[in-house]
Amino acid sequence: MVEETSLGGPRAAFAETLWTSVLRAKDDGAALGRLIERTWKPLYFYIRRKGRDVEQAKDLTQAFFAHLMESRLLDKVERGRGRFRSYLISGLEHFLANEYRTANAEKRGGSVSTLGLDFSGAEREFEPSLAETPEALYLRAWAAGVLKESLQALGAELGSQFDAVRRHLSAEGERPSYRDSAAALGMSEFEFTNFLRRARLRLRALVLERVRDTVDGDAEEEAADLLRALGKKS
Amino acid sequence: MTTQVRCAGCSQEFPYHVVEQFGGLCPACVAGFATIEDPADSPLKPGATFGKFEIVGVIGRGGMGTVYRARHAGLGREVALKILSARLASDPEFVRRFEREARTLASLEHPNIVAVHDTGVEAGAPYLVMEFVEGVSLRRLLAERRLPPEEALGIVPQLCEALEYAHARGVVHRDVKPENILIDTKGRTKIADFGLAFIVGIDAPRLTRTDVTMGTPHYMAPEQVESSRRVDHRADIYSMGVVLYEMLTGELPLGRFSPPSEKSKVNRRLDEIVLRALEKEPDRRYQQVTEFHRAIESAPQGRDERRVVRGYEYKSRITIFGWPLVHITRGVDASGREVAARGVIAIGGRAYGVLAVGGFAMGVIPIGGLAIGLVAWGGLAIGALLAMGGGAIGTVAWGGGAVGYVAMGGGAAGYYAYGGGAMGKYVYSSHRRDPEAIAFFWRWGLVDVPSGRRPSDGPPDVERLKAIARDASKQSVVRVQALADLYEAEMYFGMRGHRTRDVVTSLLALTEDPDVSVRADLCRNLTGAVPPDLAGPLIRSLKFDSEASVREVAAEALGPLREVPAVQEALEAALRTDSARSVRERARKSLKGA
């Protein structure tokens with residue numbers, strides 16, 4: 001049922017945008033699969049941060065998607081409803097608040113266990129800090145998903161030249177000077193900085209492309225919110 | 001406890017797996033990397049380079065992006081560089097349109113269209129290289145001052161020409177507004193951003209809500225706001241109507257708006273033109289720019305001018321300070337009233353102009369039944385400087401009846417007056433010729449010049465001649481000549497008024513002159529010029545002069561006065577008692593009137 005999505009692969013994962021996906025998911029199983037693939041991890045983190053243990057969170061996540069399908073919640077999704085990210089979390093909040101559903105989560109979640117979500121991998125990434133609210137964590141996870149995909153898409157576009165960009169963004173080790181990077185690519189320093197600038201603009205465009213149809217309104221603002229969530233802490 | 005990684009770039013710490021997830025990159029740095037500002041959002045500084053161009057300065061910023069004054073690095077040519085928002089480039093639909101339309105835009109070559117030299121994408125941002133126009137936008141102009149209607153009506157035909165040209169090539173501007181209308185330093189109007197609205201998609205309502213900040217929709221045709229699909233060239237006609245309305249009234253035609261003539265002093269005939277361009281329904285508008293153009297061209301320029309409907313009218317296209325060079329009218333307007341001619345050269349029943357010719361003419365040089373102006377000529381002429389006519393009133397007036405500082409004519413009244421019946425301070429008339437008037441009118445060649453004298457000699461100096469005639473130290477021949485000149489002055493300048501009397505009185509003093517030839521000449525020449533009450537000196541000469549020749553001419557000079565009792569008595573005495581026969585003979589002739 002779940003299509004092999006290439007999260008981490010070179011394919012432009014957001015070629016079909018999220019809202020489109022949502023609207024199609026109403027009656028397209030494959031589309032629903034992609035929707036789940038793109039949203040489950042932030043939702044899982046949110047549930048975990050809300051204090052549920054690993055098992056509960058797993059079940060609730062799966063049960064929420066089952067609920068999405070059964071309750072035809074997606075049918076009510078229309079364009080013009082703001083950000084899909086917020087729409088989804090309010091749906092989840094609603095779901096969690098319902099004691100009955102929560103109690104029966106295990107049973108219900110069982111029906112979608114075939115989703116094969118990598119909960120153990122996600123659990124390794126789960127790094128809650130007391131200072132971070134569930135909402136902030138959800139936002140950060142969502143943002144990381146968008147940015148990671150955009151970065152991969154940029155990598156695919158730039159090919160071998162992407163390496164030079166990577167070195168200037170690496171977390172570990174010293175970063176090379178512009179001059180060295182330029183020389184490695186056979187460019188002048190000026191050409192290299194221009195190249196970096198183009199790469200930045202392209203990355204920004206790729207992020208916007210991914211954000212554009214998850215909002216009905218200012219995509220710029222949503223992109224800025226996401227990037228801010230990941231950005232430097234002052 | 002997971003391992004923390006401290007980023008070498010931003011010094012922030014992250015769990016190892018987070019960094020790993022990002023392929024060893026710092027998420028914060030990647031986020032920062034992606035938050036570069038769009039060049040369209042953040043203006044480039046002067047000196048910065050963009051592709052082949054060096055930025056000179058910012059010309060303007062708008063919803064679509066920023067326009068720079070830039071210099072082509074290789075060619076040195078100045079251009080206007082419009083850098084569109086990089087956001088647009090992420091929209092594949094935009095990129096398709098941009099590529100498709102750019103070629104069309106570059107093919108538009110017209111003196112009233114800002115030329116597009118080149119288009120492309122640099123550093124993710126689409127851009128257009130356009131002709132750099134030295135001047136101001138109509139928006140700036142409108143912000144600075146209210147345009148006089150003539151100026152507004154001078155701009156519109158140029159817009160029409162540009163749109164006619166583009167429409168003929170299937171290009172609709174879609175965004176005609178004061179911001180896009182430039183007026184260069186030579187006063188030429190140019191439209192910028194042709195078809196750009198379509199490429200960028202700001203006339204598509206969906207996009208206006210999402211990613212393109214759109215300017216005011218007030219210049220857009222109603223059908224354009226509704227759905228961009230229905231838009232054709234008539235949308236530009238509507239926009240032009242809005243621009244014209246704003247130029248004329250300073251306001252936008254919003255809601256239930258008043259016709260321009262109610263808002264400002266523009267011709268009522270313009271109302272129907274503006275209102276027709278502003279019809280909500282495209283079918284009710286002018287269908288082609290050409291029609292609108294023609295209507296504007298034939299619209300009266302001035303404030304509430306009226307046009308001849310019955311009769312004849314000619315108005316030249318050439319204007320000077322908003323006035324037609326030539327305006328000729330003959331006839332009445334729709335309301336049946338006579339239409340005045342107004343032009344540099346105006347000819348009509350009523351004419352106003354530099355040179356005005358008409359029944360009633362007013363202007364610098366009016367000619368007409370009633371002419372009022374600087375130099376007026378007519379039945380009744382009133383001229384600040386010069387008036388000529390049957391009746392003339394002016395600083396200098398010349399006519400049948402003339403009143404002025406200088407008045408000349410049959411009946412002239414003035415400080416200086418000249419004419420048959422002239423009245424004034426200094427008069428030159430058949431009755432009276434004042435030396436001041438003679439001196440004044442002499443230079444105009446209006447004084448009869450005695451034979452043997454040239455006008456340039458000037459009028460004779462009577463006082464000097466009198467002084468010479470009286471000066472006993474002078475030779476008698478000189479004094480006789482002076483007397484001759486005085487007589488001449490009398491004869492030619494008609495010194496018969498009060499001045500003449502004065503001259504005669506002073507001449508009569510010369511009857512005592514020791515020189516016999518002076519005395520004789522004097523008596524001879526005073527014949528007929530002496531009024532009765534001044535006959536005394538002549539009588540004295542007749543009675544007592546020692547010289548018979550003098551007594552003889554005195555007897556002759558008294559002839560015309562023989563009716564005066566004293567003269568008659570003196571003549572009879574001479575006839576009876578004078579020792580000289582010639583004197584007695586002369587006295588007898590004078591008494592007989594021979």
# chains A, B, ... in the order shown; residues from 1 in each chain; ligands from 1
>>> interface_residues(of="chain A", to="chain B", cutoff="10 Å", atoms="only C-alpha atoms", output="PyMOL selection string")
chain A and resi 8+121+124-127+143-145+147-152+165-175+194-209+212+215-220+223-224+226-234
>>> select_by_dssp(residues="segment 347-453 of chain B", states="strand (DSSP E)", output="VMD selection string")
chain B and resid 347 to 408 411 to 418 421 to 428
>>> atom_distance(atom1="atom CA of Tyr165 of chain B", atom2="atom CA of Ile113 of chain B")
9.3 Å
>>> closest_residue(among="A:Trp40, A:Ser86, A:Leu154, A:Glu221", to="Ala63 of chain A", atoms="only C-alpha atoms")
A:Trp40
>>> residues_around(residues="Glu131 of chain B", least_positions_apart="4", cutoff="9 Å", atoms="only C-alpha atoms", output="JSON, numbers by chain")
{"B": [78, 79, 80, 81, 114, 115, 116, 117]}
>>> write_last_selection(atoms="N, CA, C and O atoms", output="PDB file, in the first residue's frame")
ATOM      1  N   GLU B  78      23.875  53.028 -20.516  1.00  0.00           N
ATOM      2  CA  GLU B  78      22.973  53.078 -19.360  1.00  0.00           C
ATOM      3  C   GLU B  78      21.640  52.443 -19.716  1.00  0.00           C
ATOM      4  O   GLU B  78      21.100  52.691 -20.791  1.00  0.00           O
ATOM      5  N   VAL B  79      21.167  51.624 -18.813  1.00  0.00           N
ATOM      6  CA  VAL B  79      19.890  50.953 -19.041  1.00  0.00           C
ATOM      7  C   VAL B  79      19.052  51.020 -17.777  1.00  0.00           C
ATOM      8  O   VAL B  79      19.543  51.370 -16.714  1.00  0.00           O
ATOM      9  N   ALA B  80      17.780  50.712 -17.940  1.00  0.00           N
ATOM     10  CA  ALA B  80      16.933  50.501 -16.771  1.00  0.00           C
ATOM     11  C   ALA B  80      16.831  48.992 -16.617  1.00  0.00           C
ATOM     12  O   ALA B  80      16.442  48.292 -17.542  1.00  0.00           O
ATOM     13  N   LEU B  81      17.235  48.515 -15.456  1.00  0.00           N
ATOM     14  CA  LEU B  81      17.279  47.076 -15.226  1.00  0.00           C
ATOM     15  C   LEU B  81      16.173  46.724 -14.254  1.00  0.00           C
ATOM     16  O   LEU B  81      16.174  47.176 -13.112  1.00  0.00           O
ATOM     17  N   VAL B 114       8.726  52.291 -23.969  1.00  0.00           N
ATOM     18  CA  VAL B 114      10.050  52.050 -23.407  1.00  0.00           C
ATOM     19  C   VAL B 114      10.534  50.708 -23.967  1.00  0.00           C
ATOM     20  O   VAL B 114       9.915  49.664 -23.745  1.00  0.00           O
ATOM     21  N   ALA B 115      11.632  50.760 -24.702  1.00  0.00           N
ATOM     22  CA  ALA B 115      12.108  49.562 -25.394  1.00  0.00           C
ATOM     23  C   ALA B 115      12.664  48.539 -24.415  1.00  0.00           C
ATOM     24  O   ALA B 115      13.290  48.893 -23.412  1.00  0.00           O
ATOM     25  N   VAL B 116      12.396  47.256 -24.700  1.00  0.00           N
ATOM     26  CA  VAL B 116      12.987  46.164 -23.928  1.00  0.00           C
ATOM     27  C   VAL B 116      14.131  45.621 -24.769  1.00  0.00           C
ATOM     28  O   VAL B 116      13.916  45.134 -25.874  1.00  0.00           O
ATOM     29  N   HIS B 117      15.359  45.741 -24.251  1.00  0.00           N
ATOM     30  CA  HIS B 117      16.515  45.303 -25.029  1.00  0.00           C
ATOM     31  C   HIS B 117      16.771  43.813 -24.862  1.00  0.00           C
ATOM     32  O   HIS B 117      17.179  43.139 -25.787  1.00  0.00           O
TER      33      HIS B 117
END
>>> residues_around(residues="Thr185 of chain B", least_positions_apart="2", cutoff="12 Å", atoms="only C-alpha atoms", output="list in words")
Phe132, Val133, Glu134, Gly135, Val136, Ser137, Leu182, Ile183, Gly187, Arg188, Thr189 and Lys190 of chain B
